[in-house]
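Colleague: Below is the structure I would like to discuss, written out as structure tokens.
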Protein chains: 2
Amino acid sequence: MLTTMDLTATQWSTVYNVLSFGLISMLATTVYTLVSTNRVLPKYRNALVLSSMVTFIAGYHYIRIFDSFHAASMVEGSVGKVITAGHPDAFNEGYRYVDWILTVPLLLVEVIAVLALARETSKSLITRLVPASAAMIALGYPGEISAVQGTKILYGVLSTIPFLYILYILFVELSKSLDRQPEGVAATVGRLRLLLVASWGVYPIAYLLPIINADGAASTGAYVGRQVGYTIADILAKCVWGLTLVKIARMKSIAEGMKDDH
Amino acid sequence: MLTTMDLTATQWSTVYNVLSFGLISMLATTVYTLVSTNRVLPKYRNALVLSSMVTFIAGYHYIRIFDSFHAASMVEGSVGKVITAGHPDAFNEGYRYVDWILTVPLLLVEVIAVLALARETSKSLITRLVPASAAMIALGYPGEISAVQGTKILYGVLSTIPFLYILYILFVELSKSLDRQPEGVAATVGRLRLLLVASWGVYPIAYLLPIINADGAASTGAYVGRQVGYTIADILAKCVWGLTLVKIARMKSIAEGMKDDH
């Protein structure tokens, strides 16, 4: 059975354009962070390469998501009909989770890499952050694809547990390692954590929109809101995050004697 | 005659998404290992470039496999019908063997290259590993495409002979050359061999799934399991393998005097 959703022409264009915006944000950031490796000391380059890989992987998935949304659509006059299930060209939301399971652990590895902590400290933080972030994504997926409100809430709550653990690691454990960072870096890392809370915090709101507005016309708004919310959160969490890492790596490089004119 | 297989919508999506996951894992690893050549001594760079070529070749084939699966599919309601034969758009599994005949010998050359053994030792190992791995793939193919159980088992057994020979070379012959490796490298090579057994061991299991479950609905599960199994094995054998080689090359470079901060 073919399942479709009727958006207004404006709603349809909003999703279409925001997906395109996400796509090129990822690709442009990929090139910028990769080229910026030349502007930092060698020890910070791997963090920027990892950041570039995150936006590369996300850019690939935005190409897929964009093409999938286009292929799933039949715009007729003022109605943007989107096939949501029951057809090989149905809009595939699975791409987002495939993307996140790869990129979210990498985002956390990046931030540890750019701090260039002692090897043992880095290893200890990474071995706790990576499995927690993978668990967070994996637990969210069953709730995302379910149409049952109780299931959505259950997996939303389960997914929040590793998220809180990640916040604990970043705010409590990581703080202990920040004393030896050069001036300005501790403040930037503080802003980075706020960016993380602000951007990662958009995901659960977008996830919950179909619950908040579960009926009729309202759910069209929830559908559009989810696409826009996920895309903006991705841009904050991956592009703005990557550019902030470039800034941190530059500050640390200059503090450690790299010429300011690079 | 058109041969098709009816998957459930969930099974169809699982194959679709796992193929996309394989595709981008290969491409991202290609860029990462290529960029990482700057972080190791020149003598280890060729091993990383070879690893990058392996994931590049595999990434190309995953693009083909993904597109072929999409073109072969006719999802109707809750059924994902996949054309498996008798049509130019039938799902082409031959891509996997074309990929393996190119990449599997290269994977073995990589590991010998990264160890930077004496020239004679390298040459002797490579001239035995490359033909054995090519024979392993070539002997598997007739069993893969056959629907006859006896043929599948026969070629499965024939293909296992060169596989066991490869294990013998890697576990017995190679061990003799590991005495002069810096501390930590021998342990990592040990883990690399375990990774090889664990990932290459998934291929025969995926190969045998149609034999284990040969009838009716069960064979749909076997079909999905084979696609998922081959893809995960490819990611372990090519991406995780390549990242482990980067790690070995880094350890050896640092042991030989390269600055730790690269």
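By order in the structure tokens, chains are A, B, ...; within a chain, residues start at 1; ligands start at 1, following the order shown.
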Taking only C-alpha atoms into account and nothing else, which residues of chain A lie no more than 7 Å away from chain B? Please answer as an MDAnalysis selection string.
Modeller: chainID A and resid 1:2 42:43 53 57 86:88 94 98
Colleague: Export N, CA, C and O atoms of the chosen residues as a PDB file, in the first residue's frame?
Modeller:
```
ATOM      1  N   MET A   1       0.842  -1.199   0.000  1.00  0.00           N
ATOM      2  CA  MET A   1       0.000   0.000   0.000  1.00  0.00           C
ATOM      3  C   MET A   1       0.874   1.245   0.000  1.00  0.00           C
ATOM      4  O   MET A   1       1.815   1.357   0.774  1.00  0.00           O
ATOM      5  N   LEU A   2       0.538   2.150  -0.904  1.00  0.00           N
ATOM      6  CA  LEU A   2       1.304   3.382  -1.039  1.00  0.00           C
ATOM      7  C   LEU A   2       0.860   4.372   0.034  1.00  0.00           C
ATOM      8  O   LEU A   2      -0.327   4.684   0.137  1.00  0.00           O
ATOM      9  N   PRO A  42      51.118  20.157  12.833  1.00  0.00           N
ATOM     10  CA  PRO A  42      50.811  18.768  12.443  1.00  0.00           C
ATOM     11  C   PRO A  42      49.972  18.009  13.469  1.00  0.00           C
ATOM     12  O   PRO A  42      49.098  17.244  13.097  1.00  0.00           O
ATOM     13  N   LYS A  43      50.204  18.228  14.775  1.00  0.00           N
ATOM     14  CA  LYS A  43      49.476  17.429  15.764  1.00  0.00           C
ATOM     15  C   LYS A  43      47.989  17.702  15.790  1.00  0.00           C
ATOM     16  O   LYS A  43      47.230  16.902  16.329  1.00  0.00           O
ATOM     17  N   MET A  53      35.979  14.447   7.224  1.00  0.00           N
ATOM     18  CA  MET A  53      35.329  13.176   6.894  1.00  0.00           C
ATOM     19  C   MET A  53      33.874  13.158   7.375  1.00  0.00           C
ATOM     20  O   MET A  53      33.007  12.598   6.716  1.00  0.00           O
ATOM     21  N   ILE A  57      30.896  12.512   4.814  1.00  0.00           N
ATOM     22  CA  ILE A  57      29.897  11.451   4.980  1.00  0.00           C
ATOM     23  C   ILE A  57      28.491  12.062   5.020  1.00  0.00           C
ATOM     24  O   ILE A  57      27.562  11.564   4.382  1.00  0.00           O
ATOM     25  N   GLY A  86       6.061   2.282   0.797  1.00  0.00           N
ATOM     26  CA  GLY A  86       5.376   1.420  -0.155  1.00  0.00           C
ATOM     27  C   GLY A  86       5.824   1.559  -1.592  1.00  0.00           C
ATOM     28  O   GLY A  86       5.099   1.169  -2.504  1.00  0.00           O
ATOM     29  N   HIS A  87       7.008   2.102  -1.834  1.00  0.00           N
ATOM     30  CA  HIS A  87       7.507   2.304  -3.199  1.00  0.00           C
ATOM     31  C   HIS A  87       9.026   2.405  -3.109  1.00  0.00           C
ATOM     32  O   HIS A  87       9.536   2.956  -2.136  1.00  0.00           O
ATOM     33  N   PRO A  88       9.769   1.887  -4.128  1.00  0.00           N
ATOM     34  CA  PRO A  88      11.239   1.988  -4.024  1.00  0.00           C
ATOM     35  C   PRO A  88      11.713   3.435  -3.951  1.00  0.00           C
ATOM     36  O   PRO A  88      12.793   3.716  -3.434  1.00  0.00           O
ATOM     37  N   GLY A  94      15.844   6.613   6.565  1.00  0.00           N
ATOM     38  CA  GLY A  94      16.885   5.771   7.142  1.00  0.00           C
ATOM     39  C   GLY A  94      18.275   6.362   6.939  1.00  0.00           C
ATOM     40  O   GLY A  94      19.170   6.145   7.759  1.00  0.00           O
ATOM     41  N   VAL A  98      21.728   6.185   9.281  1.00  0.00           N
ATOM     42  CA  VAL A  98      22.966   5.613   8.750  1.00  0.00           C
ATOM     43  C   VAL A  98      24.083   6.658   8.874  1.00  0.00           C
ATOM     44  O   VAL A  98      25.218   6.359   9.253  1.00  0.00           O
TER      45      VAL A  98
END
```
Colleague: Mind the document's chain letters and residue numbers, and return as an MDAnalysis selection string the residues of region 144-218 of chain A that DSSP labels helix (DSSP H, G or I).
Modeller: chainID A and resid 144:145 149:177 185:200 202:212 216:218
Colleague: Considering only C-alpha atoms, return as a short mmCIF file (atom, residue, chain, number, x, y, z; two decimals) with N, CA and C atoms, in the first residue's frame whatever protein or nucleic-acid residues lie within 8 Å of Leu243 (chain A), sequence-local ones (same chain, fewer than 4 positions apart) excluded.
Modeller:
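Result saved to result-v9.cif:
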```
data_model
loop_
_atom_site.label_atom_id
_atom_site.label_comp_id
_atom_site.auth_asym_id
_atom_site.auth_seq_id
_atom_site.Cartn_x
_atom_site.Cartn_y
_atom_site.Cartn_z
N THR A 29 32.08 22.82 3.75
CA THR A 29 32.85 22.67 4.99
C THR A 29 33.90 21.57 4.84
N THR A 33 37.73 22.59 5.79
CA THR A 33 38.48 22.01 6.91
C THR A 33 39.68 21.22 6.42
N CYS A 239 28.96 21.35 10.68
CA CYS A 239 29.69 22.43 10.00
C CYS A 239 30.21 23.45 11.02
N LYS A 247 39.16 26.81 14.57
CA LYS A 247 39.52 27.96 15.38
C LYS A 247 40.35 27.54 16.59
#
```
Colleague: For Val189 (chain B), work out the shell of residues within 10 Å, counting only C-alpha atoms and skipping chain neighbours fewer than 5 positions away, then give it as a ChimeraX atom specification.
Modeller: /B:111,115,170,174-175,178,181,184,194-195,244-245,248
Colleague: Keeping only N, CA and C atoms, write the selected residues as a PDB file, in the first residue's frame.
Modeller:
```pdb
ATOM      1  N   VAL B 111      49.483  -5.459   3.694  1.00  0.00           N
ATOM      2  CA  VAL B 111      49.967  -5.832   5.021  1.00  0.00           C
ATOM      3  C   VAL B 111      51.452  -6.190   4.965  1.00  0.00           C
ATOM      4  N   LEU B 115      54.749  -3.801   6.765  1.00  0.00           N
ATOM      5  CA  LEU B 115      55.739  -4.379   7.678  1.00  0.00           C
ATOM      6  C   LEU B 115      57.161  -4.016   7.247  1.00  0.00           C
ATOM      7  N   LEU B 170      50.273 -16.513   6.724  1.00  0.00           N
ATOM      8  CA  LEU B 170      50.208 -15.364   7.627  1.00  0.00           C
ATOM      9  C   LEU B 170      50.531 -15.736   9.067  1.00  0.00           C
ATOM     10  N   LEU B 174      54.818 -15.724   8.271  1.00  0.00           N
ATOM     11  CA  LEU B 174      54.974 -14.312   8.617  1.00  0.00           C
ATOM     12  C   LEU B 174      55.539 -14.147  10.030  1.00  0.00           C
ATOM     13  N   SER B 175      55.137 -15.043  10.935  1.00  0.00           N
ATOM     14  CA  SER B 175      55.580 -14.928  12.329  1.00  0.00           C
ATOM     15  C   SER B 175      57.098 -14.947  12.454  1.00  0.00           C
ATOM     16  N   LEU B 178      58.612 -11.484  12.313  1.00  0.00           N
ATOM     17  CA  LEU B 178      58.129 -10.426  13.198  1.00  0.00           C
ATOM     18  C   LEU B 178      59.060 -10.092  14.359  1.00  0.00           C
ATOM     19  N   GLN B 181      60.470  -6.485  14.565  1.00  0.00           N
ATOM     20  CA  GLN B 181      59.533  -5.350  14.548  1.00  0.00           C
ATOM     21  C   GLN B 181      59.573  -4.619  15.889  1.00  0.00           C
ATOM     22  N   GLY B 184      55.144  -3.379  20.275  1.00  0.00           N
ATOM     23  CA  GLY B 184      53.764  -2.976  20.008  1.00  0.00           C
ATOM     24  C   GLY B 184      53.310  -3.389  18.619  1.00  0.00           C
ATOM     25  N   LEU B 194      43.896 -11.581  13.628  1.00  0.00           N
ATOM     26  CA  LEU B 194      42.591 -11.964  14.191  1.00  0.00           C
ATOM     27  C   LEU B 194      41.467 -11.254  13.449  1.00  0.00           C
ATOM     28  N   LEU B 195      41.691  -9.953  13.123  1.00  0.00           N
ATOM     29  CA  LEU B 195      40.705  -9.203  12.341  1.00  0.00           C
ATOM     30  C   LEU B 195      40.479  -9.873  10.997  1.00  0.00           C
ATOM     31  N   THR B 244      43.631   0.109  10.601  1.00  0.00           N
ATOM     32  CA  THR B 244      44.618  -0.587  11.429  1.00  0.00           C
ATOM     33  C   THR B 244      46.017  -0.453  10.822  1.00  0.00           C
ATOM     34  N   LEU B 245      46.071  -0.486   9.489  1.00  0.00           N
ATOM     35  CA  LEU B 245      47.372  -0.289   8.831  1.00  0.00           C
ATOM     36  C   LEU B 245      47.917   1.115   9.092  1.00  0.00           C
ATOM     37  N   ILE B 248      49.448   0.926  12.480  1.00  0.00           N
ATOM     38  CA  ILE B 248      50.746   0.227  12.471  1.00  0.00           C
ATOM     39  C   ILE B 248      51.827   1.120  11.868  1.00  0.00           C
TER      40      ILE B 248
END
```
Colleague: Which neighbours of Gly242 (chain B) fall inside 10 Å, counting only C-alpha atoms, when residues of the same chain fewer than 5 positions from it are skipped, and could you give them as a PyMOL selection string?
Modeller: chain B and resi 29-30+32-33+47-52+54-55+107+110-111+235-237+247-248
Colleague: Kindly indicate which residue among B:Thr37, B:Asn92, B:Ser253, B:Thr220 lies nearest to Ile145 (chain B), using only C-alpha atoms for the distances.
Modeller: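 Comparing B:Thr37, B:Asn92, B:Ser253, B:Thr220 against Ile145 (chain B), the winner is B:Asn92.
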Colleague: What does the distance between CA of Ile137 (chain A) and CA of Asp67 (chain A) come to in Å, to one decimal place?
Modeller: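 Result for CA of Ile137 (chain A) versus CA of Asp67 (chain A): 23.4 Å, one decimal.
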Colleague: Would you pick out the contacts of Gly225 (chain A) at 10 Å or less, using only C-alpha atoms, so that residues sharing its chain but fewer than 3 positions from it are not included, and give the list as a CSV table (one decimal) with all heavy atoms, in the first residue's frame?
Modeller:
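Listing of out03.csv after writing:
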```csv
chain,number,residue,atom,x,y,z
A,11,GLN,N,5.2,24.3,2.0
A,11,GLN,CA,5.9,23.4,2.9
A,11,GLN,C,6.9,22.5,2.1
A,11,GLN,O,8.0,22.2,2.5
A,11,GLN,CB,4.8,22.5,3.6
A,11,GLN,CG,4.1,23.2,4.7
A,11,GLN,CD,3.0,22.2,5.2
A,11,GLN,OE1,2.4,21.5,4.5
A,11,GLN,NE2,2.8,22.3,6.5
A,14,THR,N,9.9,24.4,1.2
A,14,THR,CA,10.8,24.6,2.4
A,14,THR,C,11.7,23.4,2.7
A,14,THR,O,12.9,23.5,2.9
A,14,THR,CB,9.9,24.8,3.7
A,14,THR,OG1,9.0,25.9,3.4
A,14,THR,CG2,10.7,25.1,4.9
A,15,VAL,N,11.1,22.2,2.6
A,15,VAL,CA,11.9,21.0,2.8
A,15,VAL,C,12.9,20.8,1.7
A,15,VAL,O,14.1,20.6,2.0
A,15,VAL,CB,11.0,19.7,2.9
A,15,VAL,CG1,11.8,18.4,3.0
A,15,VAL,CG2,10.0,19.8,4.1
A,205,ILE,N,14.0,17.5,20.0
A,205,ILE,CA,12.8,18.3,19.7
A,205,ILE,C,12.2,17.9,18.4
A,205,ILE,O,11.0,17.6,18.3
A,205,ILE,CB,13.1,19.8,19.7
A,205,ILE,CG1,13.6,20.2,21.1
A,205,ILE,CG2,11.9,20.6,19.3
A,205,ILE,CD1,14.2,21.6,21.2
A,206,ALA,N,13.0,17.7,17.4
A,206,ALA,CA,12.5,17.3,16.1
A,206,ALA,C,12.0,15.9,16.1
A,206,ALA,O,10.9,15.6,15.5
A,206,ALA,CB,13.7,17.4,15.0
A,207,TYR,N,12.6,15.0,16.9
A,207,TYR,CA,12.2,13.7,17.1
A,207,TYR,C,10.8,13.6,17.7
A,207,TYR,O,9.9,12.8,17.3
A,207,TYR,CB,13.2,12.9,18.0
A,207,TYR,CG,12.8,11.5,18.4
A,207,TYR,CD1,13.2,10.4,17.7
A,207,TYR,CD2,12.1,11.3,19.6
A,207,TYR,CE1,12.9,9.1,18.1
A,207,TYR,CE2,11.8,10.0,20.1
A,207,TYR,CZ,12.2,9.0,19.3
A,207,TYR,OH,11.9,7.7,19.7
A,209,LEU,N,8.4,16.0,17.6
A,209,LEU,CA,7.4,16.8,16.9
A,209,LEU,C,6.2,15.9,16.5
A,209,LEU,O,5.0,16.4,16.7
A,209,LEU,CB,7.9,17.5,15.7
A,209,LEU,CG,8.7,18.8,16.0
A,209,LEU,CD1,9.2,19.4,14.7
A,209,LEU,CD2,7.8,19.8,16.7
A,210,PRO,N,6.4,14.7,16.0
A,210,PRO,CA,5.2,13.9,15.6
A,210,PRO,C,4.4,13.5,16.8
A,210,PRO,O,3.2,13.2,16.7
A,210,PRO,CB,5.8,12.7,14.9
A,210,PRO,CG,7.2,13.1,14.6
A,210,PRO,CD,7.6,14.1,15.6
A,219,SER,N,0.1,17.3,11.7
A,219,SER,CA,1.2,16.4,11.5
A,219,SER,C,2.0,16.7,10.2
A,219,SER,O,3.2,16.3,10.1
A,219,SER,CB,0.8,14.9,11.5
A,219,SER,OG,0.2,14.6,10.2
A,220,THR,N,1.4,17.4,9.3
A,220,THR,CA,2.2,17.9,8.1
A,220,THR,C,3.2,18.9,8.6
A,220,THR,O,4.4,18.9,8.2
A,220,THR,CB,1.2,18.6,7.1
A,220,THR,OG1,0.1,17.7,7.0
A,220,THR,CG2,1.9,18.7,5.8
A,221,GLY,N,2.8,19.8,9.5
A,221,GLY,CA,3.7,20.8,10.1
A,221,GLY,C,4.8,20.1,10.8
A,221,GLY,O,5.9,20.5,10.8
A,222,ALA,N,4.4,19.0,11.6
A,222,ALA,CA,5.4,18.3,12.4
A,222,ALA,C,6.4,17.6,11.4
A,222,ALA,O,7.6,17.6,11.7
A,222,ALA,CB,4.7,17.2,13.2
A,228,VAL,N,13.3,20.2,8.8
A,228,VAL,CA,14.0,21.4,8.9
A,228,VAL,C,14.9,21.4,10.2
A,228,VAL,O,16.1,21.7,10.2
A,228,VAL,CB,13.0,22.6,9.0
A,228,VAL,CG1,13.8,23.9,9.3
A,228,VAL,CG2,12.3,22.8,7.7
A,229,GLY,N,14.3,20.8,11.3
A,229,GLY,CA,15.0,20.7,12.6
A,229,GLY,C,16.2,19.9,12.5
A,229,GLY,O,17.3,20.3,12.9
A,230,TYR,N,16.1,18.7,11.9
A,230,TYR,CA,17.2,17.8,11.8
A,230,TYR,C,18.3,18.4,10.9
A,230,TYR,O,19.5,18.3,11.2
A,230,TYR,CB,16.8,16.4,11.1
A,230,TYR,CG,16.1,15.5,12.1
A,230,TYR,CD1,15.3,14.5,11.6
A,230,TYR,CD2,16.4,15.5,13.4
A,230,TYR,CE1,14.7,13.5,12.5
A,230,TYR,CE2,15.8,14.6,14.3
A,230,TYR,CZ,14.9,13.6,13.8
A,230,TYR,OH,14.4,12.7,14.7
A,231,THR,N,17.9,19.1,9.8
A,231,THR,CA,18.9,19.7,8.9
A,231,THR,C,19.7,20.8,9.6
A,231,THR,O,20.9,20.9,9.5
A,231,THR,CB,18.3,20.2,7.6
A,231,THR,OG1,17.5,19.1,7.1
A,231,THR,CG2,19.3,20.6,6.6
```
Colleague: Give me, please, the distance in Å between CA of Phe91 (chain B) and CA of Ser68 (chain A), quoted to one decimal.
Modeller: 20.0 Å
Colleague: Tell me, in Å to one decimal, how far CA of Ile126 (chain A) is from CA of Val246 (chain A).
Modeller: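 Going from CA of Ile126 (chain A) over to CA of Val246 (chain A), I get 20.0 Å.
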Colleague: Which of these, B:Ala132, B:Leu7, B:Ile112, B:Leu208, has the shortest distance to Ile166 (chain B) once you count only C-alpha atoms?
Modeller: B:Ala132
Colleague: Go through A:Arg191, A:Tyr155, A:Tyr95, A:Trp200 one by one, measure the shortest atom-to-atom distance of each to Leu19 (chain B) using only C-alpha atoms, and give the residue with the smallest value.
Modeller: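 Residue with the minimum atom-to-atom distance to Leu19 (chain B): A:Tyr95.
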Colleague: Tell me which protein, DNA and RNA residues are within 10 Å of Leu167 (chain B), counting only C-alpha atoms, leaving out same-chain ones fewer than 4 positions away, and put them as a list of chain:residue names.
Modeller: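 The filter keeps B:Leu129, B:Pro162, B:Phe163, B:Phe171, B:Val172, B:Glu173, B:Leu174, B:Arg193, B:Leu196, B:Val197.
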Colleague: Restricting it to all heavy atoms, dump the selection as a short mmCIF file (atom, residue, chain, number, x, y, z; two decimals), in the first residue's frame.
Modeller:
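out-v5.cif was written with the following content:
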```
data_model
loop_
_atom_site.label_atom_id
_atom_site.label_comp_id
_atom_site.auth_asym_id
_atom_site.auth_seq_id
_atom_site.Cartn_x
_atom_site.Cartn_y
_atom_site.Cartn_z
N LEU B 129 51.04 -15.27 -1.64
CA LEU B 129 49.73 -14.81 -1.18
C LEU B 129 48.82 -14.37 -2.33
O LEU B 129 47.62 -14.65 -2.33
CB LEU B 129 49.90 -13.64 -0.19
CG LEU B 129 50.44 -14.02 1.19
CD1 LEU B 129 50.79 -12.76 1.98
CD2 LEU B 129 49.42 -14.87 1.96
N PRO B 162 42.82 -22.67 -0.83
CA PRO B 162 43.75 -21.52 -0.83
C PRO B 162 43.59 -20.62 0.39
O PRO B 162 44.57 -20.02 0.84
CB PRO B 162 43.39 -20.77 -2.13
CG PRO B 162 42.14 -21.36 -2.65
CD PRO B 162 42.02 -22.72 -2.06
N PHE B 163 42.36 -20.53 0.95
CA PHE B 163 42.16 -19.72 2.16
C PHE B 163 43.01 -20.25 3.31
O PHE B 163 43.69 -19.49 4.02
CB PHE B 163 40.67 -19.68 2.53
CG PHE B 163 40.36 -18.94 3.81
CD1 PHE B 163 40.76 -17.62 3.98
CD2 PHE B 163 39.66 -19.56 4.84
CE1 PHE B 163 40.48 -16.93 5.16
CE2 PHE B 163 39.37 -18.88 6.02
CZ PHE B 163 39.79 -17.57 6.17
N PHE B 171 50.13 -16.94 9.49
CA PHE B 171 50.33 -17.29 10.89
C PHE B 171 51.67 -17.98 11.14
O PHE B 171 52.23 -17.85 12.22
CB PHE B 171 49.18 -18.18 11.39
CG PHE B 171 47.97 -17.39 11.79
CD1 PHE B 171 47.07 -16.95 10.84
CD2 PHE B 171 47.75 -17.04 13.12
CE1 PHE B 171 45.95 -16.20 11.19
CE2 PHE B 171 46.64 -16.30 13.49
CZ PHE B 171 45.75 -15.87 12.52
N VAL B 172 52.18 -18.71 10.17
CA VAL B 172 53.41 -19.45 10.39
C VAL B 172 54.61 -18.74 9.75
O VAL B 172 55.54 -18.33 10.44
CB VAL B 172 53.30 -20.91 9.87
CG1 VAL B 172 54.59 -21.67 10.14
CG2 VAL B 172 52.11 -21.60 10.54
N GLU B 173 54.52 -18.53 8.43
CA GLU B 173 55.66 -17.94 7.71
C GLU B 173 55.91 -16.50 8.17
O GLU B 173 57.04 -16.10 8.39
CB GLU B 173 55.39 -17.96 6.20
CG GLU B 173 55.28 -19.35 5.61
CD GLU B 173 56.63 -20.05 5.54
OE1 GLU B 173 57.59 -19.40 5.09
OE2 GLU B 173 56.73 -21.23 5.95
N LEU B 174 54.82 -15.72 8.27
CA LEU B 174 54.97 -14.31 8.62
C LEU B 174 55.54 -14.15 10.03
O LEU B 174 56.33 -13.25 10.29
CB LEU B 174 53.64 -13.59 8.47
CG LEU B 174 53.64 -12.09 8.76
CD1 LEU B 174 54.61 -11.37 7.83
CD2 LEU B 174 52.24 -11.51 8.58
N ARG B 193 45.80 -10.08 12.30
CA ARG B 193 45.50 -11.43 11.82
C ARG B 193 44.18 -11.93 12.37
O ARG B 193 43.41 -12.59 11.68
CB ARG B 193 46.64 -12.39 12.20
CG ARG B 193 47.86 -12.18 11.34
CD ARG B 193 48.88 -13.26 11.54
NE ARG B 193 49.36 -13.26 12.91
CZ ARG B 193 50.59 -13.63 13.27
NH1 ARG B 193 51.44 -14.01 12.34
NH2 ARG B 193 50.96 -13.61 14.53
N LEU B 196 41.59 -10.37 10.39
CA LEU B 196 41.48 -11.04 9.10
C LEU B 196 40.63 -12.30 9.23
O LEU B 196 39.71 -12.52 8.44
CB LEU B 196 42.87 -11.38 8.58
CG LEU B 196 42.89 -11.99 7.17
CD1 LEU B 196 44.01 -11.41 6.34
CD2 LEU B 196 43.03 -13.50 7.21
N VAL B 197 40.90 -13.10 10.25
CA VAL B 197 40.12 -14.33 10.43
C VAL B 197 38.66 -13.99 10.72
O VAL B 197 37.74 -14.60 10.15
CB VAL B 197 40.72 -15.19 11.57
CG1 VAL B 197 39.83 -16.39 11.86
CG2 VAL B 197 42.13 -15.65 11.21
#
```
